[in-house]
Structure formats: structure tokens, C-alpha cells
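Take a look at the structure set out below.
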Amino acid sequence: MILPLFLPLAWALSVNGEFGAFFQLGSISNVSRYYWNYVYCNIWEGECQPHQDDSSVQVPTEDAWSMFSEDYMQLLSDWYCSLGQCCETGDCRIINNITGLEKDLEQKLHGQHLAQAVVVRAIRGFLKNPSPEKALTLSFHGWSGTGKNFVSRMISDNLYRDGMKSHCVRLFISPFHFPHAKLVDVYQGQLKDWISGTVQHCPQALFIFDEAEKLHPGLIDTIKPYMDHYQDLDGVSYRRAIFIFLSNIGGAAINEVTLDFWHSGQNREDVDMEDLEPRLRTEALQSQGGFSQSQLLTGNLIDFFVPFLPLEYRHVKLCARDAFRSRGVSYSEEILDEVARGMLYVPKEEKLFSAQGCKSVPQRINFFLP
């Protein structure tokens with residue numbers, strides 16, 4: 001860990017011929033002590049104490065840093081910022097690890113080839129765009145237990161060093177955060193404050209709305225301006241924010257299309273977005289609740305409708321395998337089969353899809369733990 005901290009300094013000094021200046025120990029002592037204290041406190045997050053009142057450690061002045069060339073200072077800045085996105089305010093621990101996200105989706109998400117492809121393409125394209133016209137808005141649809149929350153966590157884990165604990169990430173669960181219809185006016189004010197405060201603190205903020213179909217229409221229209229094509233609102237730009245809605249709307253339509261492919265002898269991997277996205281838009285418009293009555297749909301503010309297909313027996317086994325591995329517990333194919341057989345499958349005739357996806361797998365494997 002220590003060696004990489006010296007490399008930018010040593011390389012820059014050798015290239016720029018600044019060893020003479022570097023070894024003027026009297027002039028660099030405060031720089032060195034302040035620099036390493038800063039690295040320790042802010043990168044290693046040690047239990048450091050502020051030194052404002054310590055006369056032996058002074059904040060480096062412009063003159064103290066002037067011994068280094070502009071090229072070296074830029075190199076040092078670039079190296080530090082590579083550890084996490086730099087910004088003047090807020091949670092700067094942004095990593096935007098798209099390669100890690102792609103790998104996680106490939107290795108840990110089972111039976112969701114469409115979600116895997118669409119999520120990576122959407123987020124990669126958004127983050128590469130230096131001047132997006134609006135915030136990125138994704139709408140995840142499918143039965144419970146198919147991976148909507150799971151993928152949301154993957155996104156947060158790969159965009160932010162602190163994952164769901166990041167100050168840049170806000171999770172809202174409709175029945176928990178906004179339970180009473182008569183308090184919509186209060187919730188509207190709270191929601192505005194939460195969103196604006198988070199984006200001012202961290203421009204690349206992530207907002208996740210679970211059980212979005214239960215949101216009051218007034219609440220959805222409250223957040224609509226933040227996802228629209230405005231340059232800014234009250235001087236704050238929301239164009240780098242990401243909004244994700246999780247909903248069971250369209251689950252029946254997704255299952256119906258997947259079952260039709262199975263009946264016709266086609267693989268589920270042959271299902272593509274053209275088979276599902278138009279139906280999801282229609283289902284959302286015709287559903288009861290906030291979505292159908294909001295301007296998100298009529299204003300075409302949702303960039304991607306992401307379908308999560310129903311999971312089959314083989315996918316449940318993979319979920320069980322991952323659950324055992326995550327706990328460091330050995331397993332056998334017989335145990336995985338026993339876990340999968342304990343799930344309820346539908347339709348009644350075919351018994352093809354797990355009614356709860358992988359949602360109850362962690363609870364079921366508890367029966368097999370030593």
C-alpha cells in the first residue's frame with residue numbers, strides 16, 4: 001500500500017529534475033507532514049485528529065508547493081483523483097467501475113440476459129456522455145425475487161466506493177417512506193429537500209424508488225422536473241443524476257411472453273426488448289397507481305424499461321449455490337436440488353417459473369447450515 005504513494009512523487013521528481021528542490025528539507029517539511037496526514041485521514045480513513053491548532057503542522061502555502069512544477073502537481077492530482085472522483089463538495093468516493101458492474105451482472109445475476117445487457121449499455125453510455133440532456137431514468141419491471149433490488153445494489157456498489165451507504169445514494173421504499181395518502185403535501189416537501197440536498201452534495205446522485213407502483217401520483221410528479229430536460233432548477237443541475245424505479249407492473253406480461261417462447265420451443269434467451277418494451281409501456285399506462293397517472297410516461301422521461309424474466313428451476317439452483325458460497329458453506333448437487341424443489345412453481349400445469357424467484361432462497365438454505 002505504501003509503495004504506490006511514493007511512485008508519483010519519485011517519478012515526477014526524476015523526470016522534472018527536481019531532486020535538488022525536493023531535498024531542501026527545511027522548506028518541504030510542512031508539505032510532507034501535511035501531505036501524509038491528508039492521505040492517512042482521507043484515503044486510508046485513519047482515526048486522525050485535526051491539526052489546525054498544532055503549530056508544528058502548518059497548512060502548506062502556495063510558496064511551499066511552488067517548488068514543484070505544474071506538470072508534477074497535475075500528475076499528483078490525477079493520481080489522487082484516480083482513487084475516487086474528485087469534487088469540491090459531497091461524497092467524492094465515486095468509482096464508476098463499469099467493468100466491475102458488467103462482471104457482477106454476468107457472474108451473479110441469473111436468467112436475466114435482457115437486464116444484463118440494457119443496464120450496462122444505459123449506464124455506460126450515460127457516464128461517458130460529458131453533457132447529458134437529462135438525468136438517466138431506468139424502470140425495472142418483473143415479479144418479486146427476479147433481481148430488481150439485486151441489480152440496484154450492484155449498480156450502487158460499482159458506481160460508489162461505499163455502495164448503498166454512500167451519501168450519494170438514496171433509497172425510498174414507498175410503503176415505508178410515504179405510507180399515508182393524506183400526508184402527500186408533507187411528503188412532497190420532504191422529497192424535494194432530499195433530492196435537491198443530495199444532488200447539491202453529490203451531482204452524480206443515485207435515487208432508487210422501490211415498489212414504485214405504490215407511489216402517489218403527486219409524488220411522482222414532484223420528482224418529474226428533476227428528470228426532465230431542464231438546464232437547472234434553482235441554479236442546480238440534475239442532469240448527472242440517476243433515477244431507478246422498481247415495480248411489479250408488467251410482471252404478468254413478461255411471464256406470458258416468456259411462457260409463449262417456451263411453448264414454441266424457443267429459448268428464453270431469444271426473448272428481446274422488442275418483444276417486451278412496448279408491452280411494458282402499455283401495462284404501465286393502464287395500471288392503477290402513480291405510474292399510470294404521472295407525467296413520467298406521457299412525457300417520455302423514462303429512458304429504459306428493463307424487463308426481469310421469471311426464474312426457472314435451474315436459476316433457483318444457481319441462486320442457492322451463490323448463497324452457500326457467500327456463507328462459506330459446502331454444498332452438493334443434491335442439496336441444491338432439495339432447495340430448488342422446495343419452491344412453488346407456476347403455472348400449475350407446467351410448473352416452470354418460481355413464484356418467488358430467488359427471494360426466499362437465503363431463508364431456505366438455513367435448514368442446511370451446520
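Following the order of the C-alpha cells, first chain is A, next is B, and so on, with residues numbered from 1 inside each chain and ligands from 1 in the order they appear.
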Segment 213-266 of chain A near segment 162-185 of chain A within 10 Å: what's each residue's closest atom pair and its distance in Å to one decimal, counting only C-alpha atoms, ordered by chain then ascending residue number, as JSON lines?
{"residue": "A:Glu213", "atom": "CA", "partner": "A:Ser174", "partner_atom": "CA", "distance": 8.4}
{"residue": "A:Lys214", "atom": "CA", "partner": "A:Ser174", "partner_atom": "CA", "distance": 6.1}
{"residue": "A:Leu215", "atom": "CA", "partner": "A:Ser174", "partner_atom": "CA", "distance": 5.8}
{"residue": "A:His216", "atom": "CA", "partner": "A:Ala181", "partner_atom": "CA", "distance": 7.1}
{"residue": "A:Pro217", "atom": "CA", "partner": "A:Val184", "partner_atom": "CA", "distance": 9.4}
{"residue": "A:Gly218", "atom": "CA", "partner": "A:Val184", "partner_atom": "CA", "distance": 7.1}
{"residue": "A:Leu219", "atom": "CA", "partner": "A:Val184", "partner_atom": "CA", "distance": 7.1}
{"residue": "A:Ala241", "atom": "CA", "partner": "A:Cys168", "partner_atom": "CA", "distance": 9.5}
{"residue": "A:Ile242", "atom": "CA", "partner": "A:Val169", "partner_atom": "CA", "distance": 9.6}
{"residue": "A:Phe243", "atom": "CA", "partner": "A:Arg170", "partner_atom": "CA", "distance": 9.8}
{"residue": "A:Ile244", "atom": "CA", "partner": "A:Leu171", "partner_atom": "CA", "distance": 9.6}
{"residue": "A:Phe245", "atom": "CA", "partner": "A:Phe172", "partner_atom": "CA", "distance": 9.7}
{"residue": "A:Leu246", "atom": "CA", "partner": "A:Ile173", "partner_atom": "CA", "distance": 9.6}
Selection above as a file: N, CA, C and O atoms, as a compact mmCIF listing (two decimals), in the first residue's frame:
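Output file selection.txt is given in full below:
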# COMPACT_ATOMS: atom_id res chain seq x y z
N GLU A 213 -44.86 1.43 -7.99
CA GLU A 213 -46.28 1.44 -8.39
C GLU A 213 -47.18 1.93 -7.26
O GLU A 213 -48.34 2.30 -7.50
N LYS A 214 -46.67 1.94 -6.03
CA LYS A 214 -47.46 2.39 -4.89
C LYS A 214 -47.25 3.86 -4.56
O LYS A 214 -47.84 4.37 -3.60
N LEU A 215 -46.40 4.53 -5.34
CA LEU A 215 -46.21 5.96 -5.12
C LEU A 215 -47.46 6.74 -5.51
O LEU A 215 -48.09 6.45 -6.52
N HIS A 216 -47.81 7.73 -4.71
CA HIS A 216 -48.93 8.61 -5.05
C HIS A 216 -48.57 9.40 -6.31
O HIS A 216 -47.43 9.83 -6.48
N PRO A 217 -49.55 9.62 -7.22
CA PRO A 217 -49.26 10.39 -8.44
C PRO A 217 -48.62 11.74 -8.15
O PRO A 217 -47.75 12.21 -8.90
N GLY A 218 -49.04 12.38 -7.06
CA GLY A 218 -48.48 13.68 -6.72
C GLY A 218 -47.00 13.61 -6.39
O GLY A 218 -46.25 14.56 -6.66
N LEU A 219 -46.56 12.47 -5.83
CA LEU A 219 -45.15 12.32 -5.50
C LEU A 219 -44.31 12.11 -6.76
O LEU A 219 -43.21 12.65 -6.88
N ALA A 241 -27.69 13.05 -12.46
CA ALA A 241 -28.31 12.13 -11.50
C ALA A 241 -28.87 10.90 -12.22
O ALA A 241 -29.10 10.91 -13.43
N ILE A 242 -29.08 9.84 -11.45
CA ILE A 242 -29.64 8.59 -11.96
C ILE A 242 -30.84 8.23 -11.10
O ILE A 242 -30.75 8.18 -9.87
N PHE A 243 -31.97 7.95 -11.75
CA PHE A 243 -33.19 7.54 -11.06
C PHE A 243 -33.56 6.13 -11.50
O PHE A 243 -33.58 5.83 -12.70
N ILE A 244 -33.84 5.26 -10.53
CA ILE A 244 -34.24 3.88 -10.82
C ILE A 244 -35.55 3.59 -10.10
O ILE A 244 -35.66 3.78 -8.89
N PHE A 245 -36.55 3.13 -10.86
CA PHE A 245 -37.84 2.74 -10.30
C PHE A 245 -37.98 1.23 -10.37
O PHE A 245 -37.72 0.62 -11.42
N LEU A 246 -38.36 0.62 -9.26
CA LEU A 246 -38.56 -0.83 -9.19
C LEU A 246 -40.05 -1.09 -9.04
O LEU A 246 -40.70 -0.53 -8.17
Residues at most 9 Å from Phe368 of chain A, counting only C-alpha atoms, excluding those fewer than 5 positions away in the same chain, as number ranges by chain?
A: 331, 335, 339
Since we have the selection now, will you write its residues out, keeping N, CA, C and O atoms, as a PDB file, in the first residue's frame?
ATOM      1  N   TYR A 331     -21.592 -27.518  -0.140  1.00  0.00           N
ATOM      2  CA  TYR A 331     -22.903 -27.968  -0.606  1.00  0.00           C
ATOM      3  C   TYR A 331     -22.692 -29.070  -1.640  1.00  0.00           C
ATOM      4  O   TYR A 331     -21.580 -29.324  -2.105  1.00  0.00           O
ATOM      5  N   ILE A 335     -28.189 -31.188  -2.426  1.00  0.00           N
ATOM      6  CA  ILE A 335     -28.701 -30.130  -1.554  1.00  0.00           C
ATOM      7  C   ILE A 335     -29.295 -28.996  -2.384  1.00  0.00           C
ATOM      8  O   ILE A 335     -30.372 -28.471  -2.065  1.00  0.00           O
ATOM      9  N   VAL A 339     -33.160 -27.634  -2.234  1.00  0.00           N
ATOM     10  CA  VAL A 339     -33.564 -26.238  -2.043  1.00  0.00           C
ATOM     11  C   VAL A 339     -34.506 -25.808  -3.162  1.00  0.00           C
ATOM     12  O   VAL A 339     -35.562 -25.214  -2.920  1.00  0.00           O
TER      13      VAL A 339
END
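Nearest residue to Glu274 of chain A, choosing from A:Pro307, A:Tyr226, A:Leu259, A:Lys351 and counting only C-alpha atoms: A:Pro307.
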Just the number, please: distance in Å from atom CA of Ala122 of chain A to atom CA of Leu138 of chain A, one decimal.
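Pair atom CA of Ala122 of chain A / atom CA of Leu138 of chain A returns 8.5 Å.
In this structure, atom CA of Pro310 of chain A sits 8.9 Å away from atom CA of Leu352 of chain A.
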Nearest residue to Asp337 of chain A from the set A:Ser139, A:Val119, A:Met273, A:Cys319 (distances using only C-alpha atoms)
A:Cys319
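In this structure, atom CA of Ile220 of chain A sits 8.0 Å away from atom CA of Gln295 of chain A.
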Fewer than 5 positions away in the same chain doesn't count, so skip those; otherwise give me all residues within 12 Å of Lys103 of chain A, counting only C-alpha atoms, as a ChimeraX atom specification.
/A:97-98,108-109,116-117,120,154-155,158
Skipping near chain neighbours, those fewer than 3 positions away, what residues fall within 8 Å of segment 192-194 of chain A using only C-alpha atoms, listed as an MDAnalysis selection string?
chainID A and resid 188:189 197:198 222:223
Selection file, N, CA, C and O atoms, as a PDB file, in the first residue's frame:
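Final file, result24.pdb:
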ATOM      1  N   GLN A 188     -44.229  15.579  -0.302  1.00  0.00           N
ATOM      2  CA  GLN A 188     -43.706  16.314  -1.454  1.00  0.00           C
ATOM      3  C   GLN A 188     -42.573  17.252  -1.046  1.00  0.00           C
ATOM      4  O   GLN A 188     -41.535  17.311  -1.706  1.00  0.00           O
ATOM      5  N   GLY A 189     -42.789  17.969   0.035  1.00  0.00           N
ATOM      6  CA  GLY A 189     -41.742  18.869   0.525  1.00  0.00           C
ATOM      7  C   GLY A 189     -40.510  18.112   0.962  1.00  0.00           C
ATOM      8  O   GLY A 189     -39.374  18.524   0.670  1.00  0.00           O
ATOM      9  N   GLY A 197     -31.042  18.322  -1.893  1.00  0.00           N
ATOM     10  CA  GLY A 197     -29.916  18.297  -0.967  1.00  0.00           C
ATOM     11  C   GLY A 197     -28.865  17.281  -1.372  1.00  0.00           C
ATOM     12  O   GLY A 197     -27.663  17.548  -1.294  1.00  0.00           O
ATOM     13  N   THR A 198     -29.306  16.115  -1.833  1.00  0.00           N
ATOM     14  CA  THR A 198     -28.357  15.077  -2.242  1.00  0.00           C
ATOM     15  C   THR A 198     -27.585  15.487  -3.478  1.00  0.00           C
ATOM     16  O   THR A 198     -26.364  15.298  -3.560  1.00  0.00           O
ATOM     17  N   THR A 222     -43.896  15.241  -8.441  1.00  0.00           N
ATOM     18  CA  THR A 222     -42.983  16.103  -7.694  1.00  0.00           C
ATOM     19  C   THR A 222     -41.548  15.910  -8.161  1.00  0.00           C
ATOM     20  O   THR A 222     -40.777  16.870  -8.257  1.00  0.00           O
ATOM     21  N   ILE A 223     -41.181  14.666  -8.450  1.00  0.00           N
ATOM     22  CA  ILE A 223     -39.802  14.397  -8.870  1.00  0.00           C
ATOM     23  C   ILE A 223     -39.634  14.493 -10.385  1.00  0.00           C
ATOM     24  O   ILE A 223     -38.505  14.448 -10.885  1.00  0.00           O
TER      25      ILE A 223
END
